[in-house]
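Asker: For reference, this is target.pdb, and it has PDB, C-alpha atoms.
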```pdb
MODEL        1
ATOM      1  CA  MET K   1      18.166 -26.765-112.327
ATOM      2  CA  GLU K   2      20.453 -28.876-110.153
ATOM      3  CA  ASP K   3      23.166 -26.201-110.362
ATOM      4  CA  VAL K   4      20.722 -23.562-109.127
ATOM      5  CA  LEU K   5      19.647 -25.732-106.185
ATOM      6  CA  ARG K   6      23.277 -26.445-105.380
ATOM      7  CA  GLN K   7      24.018 -22.722-105.252
ATOM      8  CA  PHE K   8      21.112 -22.107-102.885
ATOM      9  CA  SER K   9      22.150 -24.987-100.616
ATOM     10  CA  SER K  10      25.684 -23.596-100.410
ATOM     11  CA  LEU K  11      24.311 -20.441 -98.767
ATOM     12  CA  ARG K  12      23.790 -22.384 -95.544
ATOM     13  CA  THR K  13      27.520 -22.869 -95.121
ATOM     14  CA  LEU K  14      28.368 -19.162 -95.454
ATOM     15  CA  ALA K  15      29.283 -17.013 -92.474
ATOM     16  CA  PRO K  16      26.992 -14.051 -91.606
ATOM     17  CA  HIS K  17      29.471 -11.454 -92.924
ATOM     18  CA  GLN K  18      29.786 -13.391 -96.205
ATOM     19  CA  ILE K  19      26.006 -13.361 -96.606
ATOM     20  CA  VAL K  20      25.965  -9.590 -96.080
ATOM     21  CA  ILE K  21      28.722  -9.134 -98.674
ATOM     22  CA  ASN K  22      26.901 -11.309-101.211
ATOM     23  CA  VAL K  23      23.609  -9.467-100.670
ATOM     24  CA  LEU K  24      25.395  -6.128-101.050
ATOM     25  CA  ASP K  25      27.049  -7.401-104.222
ATOM     26  CA  VAL K  26      23.701  -8.412-105.726
ATOM     27  CA  LEU K  27      22.091  -5.097-104.765
ATOM     28  CA  LEU K  28      24.910  -3.114-106.363
ATOM     29  CA  VAL K  29      24.655  -5.097-109.601
ATOM     30  CA  ALA K  30      20.878  -4.657-109.623
ATOM     31  CA  TYR K  31      21.295  -0.906-109.084
ATOM     32  CA  LEU K  32      23.786  -0.642-111.953
ATOM     33  CA  ILE K  33      21.452  -2.518-114.285
ATOM     34  CA  TYR K  34      18.561  -0.278-113.185
ATOM     35  CA  ARG K  35      20.586   2.875-113.878
ATOM     36  CA  LEU K  36      21.643   1.598-117.293
ATOM     37  CA  LEU K  37      18.045   0.806-118.227
ATOM     38  CA  LEU K  38      16.958   4.287-117.130
ATOM     39  CA  LEU K  39      19.762   5.760-119.191
ATOM     40  CA  VAL K  40      18.924   4.018-122.459
ATOM     41  CA  ARG K  41      15.132   4.115-122.096
ATOM     42  CA  GLY K  42      13.554   6.201-124.822
ATOM     43  CA  THR K  43      16.833   6.890-126.637
ATOM     44  CA  ARG K  44      18.551   5.442-129.680
ATOM     45  CA  ALA K  45      20.616   3.332-127.246
ATOM     46  CA  TRP K  46      17.442   1.421-126.362
ATOM     47  CA  ARG K  47      16.981   0.425-130.010
ATOM     48  CA  ILE K  48      20.625  -0.593-130.215
ATOM     49  CA  LEU K  49      20.208  -2.714-127.080
ATOM     50  CA  LEU K  50      17.169  -4.453-128.593
ATOM     51  CA  GLY K  51      19.224  -5.115-131.724
ATOM     52  CA  VAL K  52      21.997  -6.694-129.639
ATOM     53  CA  ILE K  53      19.468  -8.931-127.876
ATOM     54  CA  ALA K  54      18.010  -9.978-131.243
ATOM     55  CA  PHE K  55      21.534 -10.733-132.522
ATOM     56  CA  LEU K  56      22.285 -12.967-129.523
ATOM     57  CA  PHE K  57      18.952 -14.736-129.921
ATOM     58  CA  VAL K  58      19.654 -15.502-133.601
ATOM     59  CA  LEU K  59      23.151 -16.689-132.653
ATOM     60  CA  PHE K  60      21.723 -19.076-130.066
ATOM     61  CA  LEU K  61      18.952 -20.230-132.411
ATOM     62  CA  SER K  62      21.358 -20.926-135.283
ATOM     63  CA  ASP K  63      23.430 -23.133-132.993
ATOM     64  CA  ARG K  64      20.382 -25.074-131.803
ATOM     65  CA  LEU K  65      19.025 -25.564-135.333
ATOM     66  CA  GLN K  66      22.506 -26.466-136.615
ATOM     67  CA  LEU K  67      22.592 -23.683-139.186
ATOM     68  CA  ASN K  68      26.341 -23.991-139.393
ATOM     69  CA  THR K  69      27.092 -21.344-142.000
ATOM     70  CA  LEU K  70      24.930 -18.675-140.340
ATOM     71  CA  HIS K  71      26.259 -19.569-136.910
ATOM     72  CA  TRP K  72      29.871 -19.367-138.134
ATOM     73  CA  ILE K  73      29.314 -15.873-139.586
ATOM     74  CA  LEU K  74      27.562 -14.590-136.454
ATOM     75  CA  ASP K  75      30.163 -16.172-134.195
ATOM     76  CA  LYS K  76      32.998 -14.413-136.062
ATOM     77  CA  ALA K  77      31.064 -11.129-135.867
ATOM     78  CA  THR K  78      31.028 -11.328-132.066
ATOM     79  CA  ILE K  79      34.804 -10.758-132.036
ATOM     80  CA  LEU K  80      34.234  -7.119-132.988
ATOM     81  CA  GLY K  81      31.220  -6.848-130.697
ATOM     82  CA  PRO K  82      32.870  -5.104-127.695
ATOM     83  CA  VAL K  83      34.555  -2.486-129.891
ATOM     84  CA  ALA K  84      31.340  -1.841-131.820
ATOM     85  CA  LEU K  85      29.348  -1.462-128.605
ATOM     86  CA  VAL K  86      31.828   1.064-127.202
ATOM     87  CA  ILE K  87      31.580   3.135-130.400
ATOM     88  CA  LEU K  88      27.776   2.947-130.542
ATOM     89  CA  PHE K  89      27.245   3.664-126.832
ATOM     90  CA  LEU K  90      29.984   6.318-126.488
ATOM     91  CA  PRO K  91      27.616   9.236-125.599
ATOM     92  CA  GLU K  92      25.643   7.078-123.176
ATOM     93  CA  LEU K  93      28.811   5.716-121.533
ATOM     94  CA  ARG K  94      30.121   9.239-121.021
ATOM     95  CA  GLN K  95      26.809  10.299-119.506
ATOM     96  CA  THR K  96      26.858   7.249-117.215
ATOM     97  CA  ILE K  97      30.363   7.989-115.948
ATOM     98  CA  GLU K  98      29.365  11.606-115.297
ATOM     99  CA  GLY K  99      26.309  10.319-113.449
ATOM    100  CA  PHE K 100      28.506   8.211-111.164
ATOM    101  CA  GLY K 101      30.538  11.315-110.422
ATOM    102  CA  LYS K 102      27.413  13.113-109.233
ATOM    103  CA  ILE K 103      26.673  10.553-106.520
ATOM    104  CA  THR K 104      30.197  10.561-105.045
ATOM    105  CA  PRO K 105      31.286  12.850-102.198
ATOM    106  CA  LEU K 106      33.650  14.627-104.611
ATOM    107  CA  HIS K 107      30.628  16.074-106.379
ATOM    108  CA  ALA K 108      29.989  18.238-103.338
ATOM    109  CA  LEU K 109      33.275  20.005-104.024
ATOM    110  CA  HIS K 110      31.786  21.378-107.289
ATOM    111  CA  VAL K 111      34.903  20.543-109.269
ATOM    112  CA  GLY K 112      34.652  22.278-112.626
ATOM    113  CA  PRO K 113      35.464  25.375-114.624
ATOM    114  CA  ILE K 114      33.192  27.623-112.584
ATOM    115  CA  GLU K 115      34.509  28.357-109.115
ATOM    116  CA  ASP K 116      32.260  31.324-108.371
ATOM    117  CA  ARG K 117      28.541  30.936-108.584
ATOM    118  CA  ALA K 118      26.434  33.254-110.675
ATOM    119  CA  GLU K 119      25.429  36.482-109.007
ATOM    120  CA  ALA K 120      21.833  37.350-108.272
ATOM    121  CA  ARG K 121      22.084  40.140-110.843
ATOM    122  CA  THR K 122      22.893  37.603-113.570
ATOM    123  CA  VAL K 123      19.825  35.542-112.690
ATOM    124  CA  GLU K 124      17.663  38.662-112.821
ATOM    125  CA  GLU K 125      19.111  39.692-116.184
ATOM    126  CA  LEU K 126      18.503  36.243-117.652
ATOM    127  CA  THR K 127      14.951  36.194-116.291
ATOM    128  CA  ALA K 128      14.179  39.653-117.630
ATOM    129  CA  ALA K 129      15.570  38.833-121.068
ATOM    130  CA  VAL K 130      13.637  35.563-121.333
ATOM    131  CA  ALA K 131      10.424  37.231-120.129
ATOM    132  CA  GLU K 132      10.722  39.940-122.797
ATOM    133  CA  LEU K 133      11.558  37.447-125.544
ATOM    134  CA  ALA K 134       8.622  35.227-124.576
ATOM    135  CA  ALA K 135       6.225  38.189-124.492
ATOM    136  CA  GLU K 136       7.232  39.129-128.048
ATOM    137  CA  SER K 137       7.381  35.457-129.233
ATOM    138  CA  VAL K 138      11.036  35.723-130.204
ATOM    139  CA  GLY K 139      12.787  32.357-130.378
ATOM    140  CA  ALA K 140      15.829  31.989-128.146
ATOM    141  CA  LEU K 141      18.201  29.319-126.879
ATOM    142  CA  ILE K 142      20.445  30.041-123.881
ATOM    143  CA  VAL K 143      22.821  27.419-122.470
ATOM    144  CA  VAL K 144      24.150  28.050-118.957
ATOM    145  CA  GLU K 145      27.389  26.280-118.086
ATOM    146  CA  LYS K 146      27.506  24.363-114.808
ATOM    147  CA  ALA K 147      30.257  21.808-114.065
ATOM    148  CA  ALA K 148      31.237  20.738-117.576
ATOM    149  CA  PRO K 149      33.206  23.252-119.697
ATOM    150  CA  LEU K 150      31.500  24.295-122.925
ATOM    151  CA  ASP K 151      34.635  25.610-124.648
ATOM    152  CA  GLU K 152      34.286  23.184-127.561
ATOM    153  CA  ILE K 153      30.732  24.337-128.276
ATOM    154  CA  ALA K 154      31.612  28.004-127.763
ATOM    155  CA  ALA K 155      34.463  27.627-130.257
ATOM    156  CA  ASN K 156      32.058  26.957-133.142
ATOM    157  CA  GLY K 157      30.242  30.250-132.508
ATOM    158  CA  VAL K 158      31.227  33.891-132.132
ATOM    159  CA  LEU K 159      33.151  34.702-128.948
ATOM    160  CA  LEU K 160      31.810  37.698-127.031
ATOM    161  CA  ASN K 161      33.098  37.606-123.422
ATOM    162  CA  ALA K 162      30.618  40.264-122.316
ATOM    163  CA  ASN K 163      28.678  40.780-119.115
ATOM    164  CA  VAL K 164      25.243  39.158-119.083
ATOM    165  CA  SER K 165      22.532  41.753-119.592
ATOM    166  CA  ALA K 166      18.925  41.656-120.736
ATOM    167  CA  PRO K 167      19.351  44.276-123.512
ATOM    168  CA  LEU K 168      22.344  42.386-124.945
ATOM    169  CA  LEU K 169      20.503  39.063-124.981
ATOM    170  CA  GLY K 170      17.439  40.703-126.514
ATOM    171  CA  SER K 171      19.507  42.272-129.286
ATOM    172  CA  ILE K 172      21.280  38.995-130.068
ATOM    173  CA  PHE K 173      18.036  37.099-130.669
ATOM    174  CA  TYR K 174      16.498  39.950-132.668
ATOM    175  CA  GLU K 175      15.499  38.510-136.041
ATOM    176  CA  ASN K 176      17.735  40.763-138.145
ATOM    177  CA  ASN K 177      20.806  40.122-136.006
ATOM    178  CA  PRO K 178      23.311  37.765-137.731
ATOM    179  CA  LEU K 179      23.899  36.015-134.384
ATOM    180  CA  HIS K 180      20.260  35.144-133.633
ATOM    181  CA  ASP K 181      20.337  31.737-135.343
ATOM    182  CA  GLY K 182      22.087  29.637-132.725
ATOM    183  CA  ALA K 183      22.632  29.267-129.004
ATOM    184  CA  VAL K 184      24.128  31.663-126.491
ATOM    185  CA  ILE K 185      26.621  30.238-123.971
ATOM    186  CA  VAL K 186      26.662  31.733-120.465
ATOM    187  CA  ARG K 187      29.542  31.036-118.073
ATOM    188  CA  GLY K 188      29.069  32.447-114.603
ATOM    189  CA  ASP K 189      28.337  36.152-115.082
ATOM    190  CA  GLN K 190      29.804  36.264-118.586
ATOM    191  CA  LEU K 191      28.129  35.825-121.948
ATOM    192  CA  LEU K 192      30.800  33.615-123.495
ATOM    193  CA  ALA K 193      29.652  33.151-127.104
ATOM    194  CA  ALA K 194      26.691  33.399-129.456
ATOM    195  CA  ALA K 195      25.499  31.684-132.656
ATOM    196  CA  CYS K 196      26.745  28.319-131.356
ATOM    197  CA  ARG K 197      25.682  24.996-132.870
ATOM    198  CA  LEU K 198      24.439  22.310-130.482
ATOM    199  CA  PRO K 199      24.061  18.535-130.887
ATOM    200  CA  LEU K 200      20.486  17.445-131.570
ATOM    201  CA  SER K 201      18.821  14.868-129.343
ATOM    202  CA  GLU K 202      17.610  11.622-130.881
ATOM    203  CA  SER K 203      15.519  10.655-127.869
ATOM    204  CA  SER K 204      12.159   9.101-128.689
ATOM    205  CA  ARG K 205      10.743  10.550-125.450
ATOM    206  CA  LEU K 206      10.389  13.893-127.205
ATOM    207  CA  ASP K 207       7.196  14.655-129.049
ATOM    208  CA  GLN K 208       7.406  14.560-132.826
ATOM    209  CA  ASN K 209       6.171  18.161-132.895
ATOM    210  CA  VAL K 210       9.159  19.385-130.871
ATOM    211  CA  HIS K 211      11.237  21.740-133.012
ATOM    212  CA  MET K 212      14.983  21.806-133.595
ATOM    213  CA  ARG K 213      15.614  24.470-130.957
ATOM    214  CA  HIS K 214      14.122  22.271-128.234
ATOM    215  CA  ARG K 215      15.902  19.159-129.525
ATOM    216  CA  ALA K 216      19.185  21.047-129.423
ATOM    217  CA  ALA K 217      18.508  22.073-125.813
ATOM    218  CA  VAL K 218      17.863  18.464-124.827
ATOM    219  CA  GLY K 219      20.831  17.226-126.857
ATOM    220  CA  VAL K 220      23.413  19.429-125.160
ATOM    221  CA  THR K 221      22.124  18.545-121.689
ATOM    222  CA  GLU K 222      22.287  14.839-122.560
ATOM    223  CA  GLN K 223      26.004  15.078-123.271
ATOM    224  CA  LEU K 224      27.137  17.829-120.872
ATOM    225  CA  ASP K 225      26.309  19.029-117.387
ATOM    226  CA  CYS K 226      24.566  22.288-118.240
ATOM    227  CA  LEU K 227      21.181  23.976-118.262
ATOM    228  CA  ALA K 228      19.377  25.126-121.421
ATOM    229  CA  ILE K 229      16.602  27.737-121.611
ATOM    230  CA  VAL K 230      14.335  27.710-124.660
ATOM    231  CA  VAL K 231      11.805  30.309-125.793
ATOM    232  CA  SER K 232       9.348  29.057-128.396
ATOM    233  CA  GLU K 233       8.984  31.301-131.417
ATOM    234  CA  GLU K 234       5.485  30.015-132.223
ATOM    235  CA  ARG K 235       3.850  29.881-128.790
ATOM    236  CA  GLY K 236       6.032  32.224-126.756
ATOM    237  CA  THR K 237       6.419  29.583-124.031
ATOM    238  CA  ILE K 238       9.452  29.110-121.803
ATOM    239  CA  SER K 239      11.009  25.670-121.379
ATOM    240  CA  ILE K 240      14.080  24.420-119.574
ATOM    241  CA  ALA K 241      16.201  21.341-120.269
ATOM    242  CA  THR K 242      18.364  19.572-117.685
ATOM    243  CA  GLU K 243      19.987  16.120-117.832
ATOM    244  CA  GLY K 244      18.273  15.320-121.127
ATOM    245  CA  ARG K 245      14.755  16.183-119.947
ATOM    246  CA  LEU K 246      12.617  19.043-121.206
ATOM    247  CA  ARG K 247      10.106  20.819-118.967
ATOM    248  CA  ARG K 248       7.770  23.670-119.823
ATOM    249  CA  LEU K 249       7.600  26.428-117.231
ATOM    250  CA  ALA K 250       4.494  28.310-116.218
ATOM    251  CA  SER K 251       6.118  31.753-116.333
ATOM    252  CA  HIS K 252       9.391  33.637-116.057
ATOM    253  CA  LEU K 253       8.922  33.662-112.265
ATOM    254  CA  GLU K 254       9.322  29.894-112.200
ATOM    255  CA  LEU K 255      12.415  30.286-114.363
ATOM    256  CA  ARG K 256      13.893  32.637-111.773
ATOM    257  CA  ASP K 257      13.348  30.041-109.041
ATOM    258  CA  VAL K 258      14.961  27.300-111.152
ATOM    259  CA  LEU K 259      18.000  29.444-111.950
ATOM    260  CA  ASN K 260      18.463  30.431-108.319
ATOM    261  CA  GLY K 261      18.283  26.795-107.265
ATOM    262  CA  GLU K 262      20.576  25.456-110.012
ATOM    263  CA  LEU K 263      23.161  28.230-110.171
ATOM    264  CA  ARG K 264      23.165  29.761-106.700
ATOM    265  CA  ASN K 265      21.789  26.995-104.440
ATOM    266  CA  ALA K 266      19.211  29.504-103.268
ATOM    267  CA  PRO K 267      15.899  28.238-101.840
ATOM    268  CA  THR K 268      13.069  28.340-104.357
ATOM    269  CA  ASN K 269       9.758  29.965-103.578
ATOM    270  CA  PRO K 270       6.721  27.819-104.414
ATOM    271  CA  PRO K 271       4.486  29.480-107.017
ATOM    272  CA  THR K 272       1.402  31.166-105.641
ATOM    273  CA  LYS K 273      -1.823  29.563-106.780
ATOM    274  CA  PRO K 274      -4.258  31.749-108.734
ATOM    275  CA  LYS K 275      -6.964  31.333-106.096
ATOM    276  CA  GLU K 276      -4.569  32.444-103.361
ATOM    277  CA  ARG K 277      -3.541  35.482-105.386
ATOM    278  CA  SER K 278      -7.148  36.474-106.045
ATOM    279  CA  ARG K 279      -8.050  35.977-102.369
ATOM    280  CA  ARG K 280      -5.130  38.144-101.288
ATOM    281  CA  SER K 281      -6.044  40.864-103.746
ATOM    282  CA  ARG K 282      -9.660  40.879-102.533
ATOM    283  CA  ASN K 283      -8.526  41.133 -98.919
ATOM    284  CA  ARG K 284      -6.178  43.955 -99.838
ATOM    285  CA  ARG K 285      -8.967  45.864-101.599
ATOM    286  CA  ARG K 286     -11.286  45.354 -98.631
ATOM    287  CA  THR K 287      -8.611  46.655 -96.268
ATOM    288  CA  GLU K 288      -7.990  49.699 -98.429
ATOM    289  CA  ALA K 289     -11.768  50.378 -98.745
ATOM    290  CA  LYS K 290     -12.246  50.536 -94.986
ATOM    291  CA  PRO K 291     -12.152  54.102 -93.529
TER     292      PRO K 291
ENDMDL
END
```
Take the structure in this file and express it as structure tokens.
Answerer:
Amino acid sequence: MEDVLRQFSSLRTLAPHQIVINVLDVLLVAYLIYRLLLLVRGTRAWRILLGVIAFLFVLFLSDRLQLNTLHWILDKATILGPVALVILFLPELRQTIEGFGKITPLHALHVGPIEDRAEARTVEELTAAVAELAAESVGALIVVEKAAPLDEIAANGVLLNANVSAPLLGSIFYENNPLHDGAVIVRGDQLLAAACRLPLSESSRLDQNVHMRHRAAVGVTEQLDCLAIVVSEERGTISIATEGRLRRLASHLELRDVLNGELRNAPTNPPTKPKERSRRSRNRRRTEAKP
């Protein structure tokens, strides 16, 4: 307690610029801790972090209670602690470093494998294909490459290098097609590969009823900067996964807005409410009925 009071009393002797630097230092550390907690919340990393805290608590308790043998074993185990943590938190550390890259000015340069943004035609073809698949309740998984290259994932599938088109996507996910069981990789305006295997997410934020296709969409966006489109085979719904989060869309029109915003930086149009649509249709009918 005396050390804490001594630290607070020493603040009086600091110059104004030193106080500003110290406050900035504390705020930066607090922000880093906040970002790390957001990163591990709801994932397997959160359980690992709780295990580390429990390990440190037992280590402290064994020293206080003079459990010499247990304390000696735990103390020797801490030597390998940093290496074990790096191995266990490798996916989360990579995601954190990529997250820091997004908040730097260099992120505005869009450094990555895609120099040209997707054309409007590609967005329309993707939207049309997903709308048709959802209407027929055909399961589909489409991963759209953004900044991070997906060559490693495309390599485990069948390379196509074809132009993106709705008929081609529809034929790939047709049940009798050998390529339907897997993900399609889209790079720019090209359909790079099909039948690709994706890493599954272990996040506890996902509902237990979420199927493998949706977990794969979340898993690939947790590890790489990409966008995943999922069509449910059971319900015919359309969902989209970005940065490890899954969101169900109202319709293919909302998907078009999301793709335009993510791939082309185009302004998104807010969805029209049902009441507004019905009011507009009634006004249109009244106008047409007038002589």
Asker: Quote the spacing between CA of Leu160 in chain K and CA of Lys146 in chain K in Å to one decimal place.
Answerer: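 Taking CA of Leu160 in chain K as the start and CA of Lys146 in chain K as the end point, the length is 18.6 Å.
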Asker: For CA of Ala183 in chain K and CA of Val144 in chain K, quote the distance in Å rounded to one decimal.
Answerer: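 So the answer is 10.2 Å.
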Asker: Find, counting only C-alpha atoms, the residue in K:Leu61, K:Leu49, K:Leu80, K:Val123 that gets nearest to Glu254 in chain K.
Answerer: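 Nearest candidate to Glu254 in chain K out of K:Leu61, K:Leu49, K:Leu80, K:Val123: K:Val123.
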Asker: Using all atoms listed in the file, which protein or nucleic acid residues come within 8 Å of Ser165 in chain K? Drop anything in the same chain fewer than 3 positions from it, and give the result as a ChimeraX atom specification.
Answerer: /K:122,125-126,129,168-169
Asker: Kindly give the distance, in Å, that separates CA of Arg245 in chain K and CA of Ala166 in chain K, rounded to a single decimal.
Answerer: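 Rounded to one decimal, the two atoms are 25.8 Å apart.
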Asker: Find the residue from K:Ala195, K:Val258, K:Leu141, K:Ala54 that sits nearest to Asp181 in chain K; use all atoms listed in the file when measuring.
Answerer: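 Of K:Ala195, K:Val258, K:Leu141, K:Ala54, the one nearest Asp181 in chain K, counting all atoms listed in the file, is K:Ala195.
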Asker: Is there a way to get, as number ranges by chain, all residues within 7 Å of the point (5.7, 35.7, -128.8) in file coordinates, counting all atoms listed in the file?
Answerer: K: 133-138, 233-236
Asker: Which residue out of K:Ser201, K:Asn177, K:Thr237, K:Ser232 has the minimum interatomic distance to Ser251 in chain K when all atoms listed in the file are used?
Answerer: K:Thr237
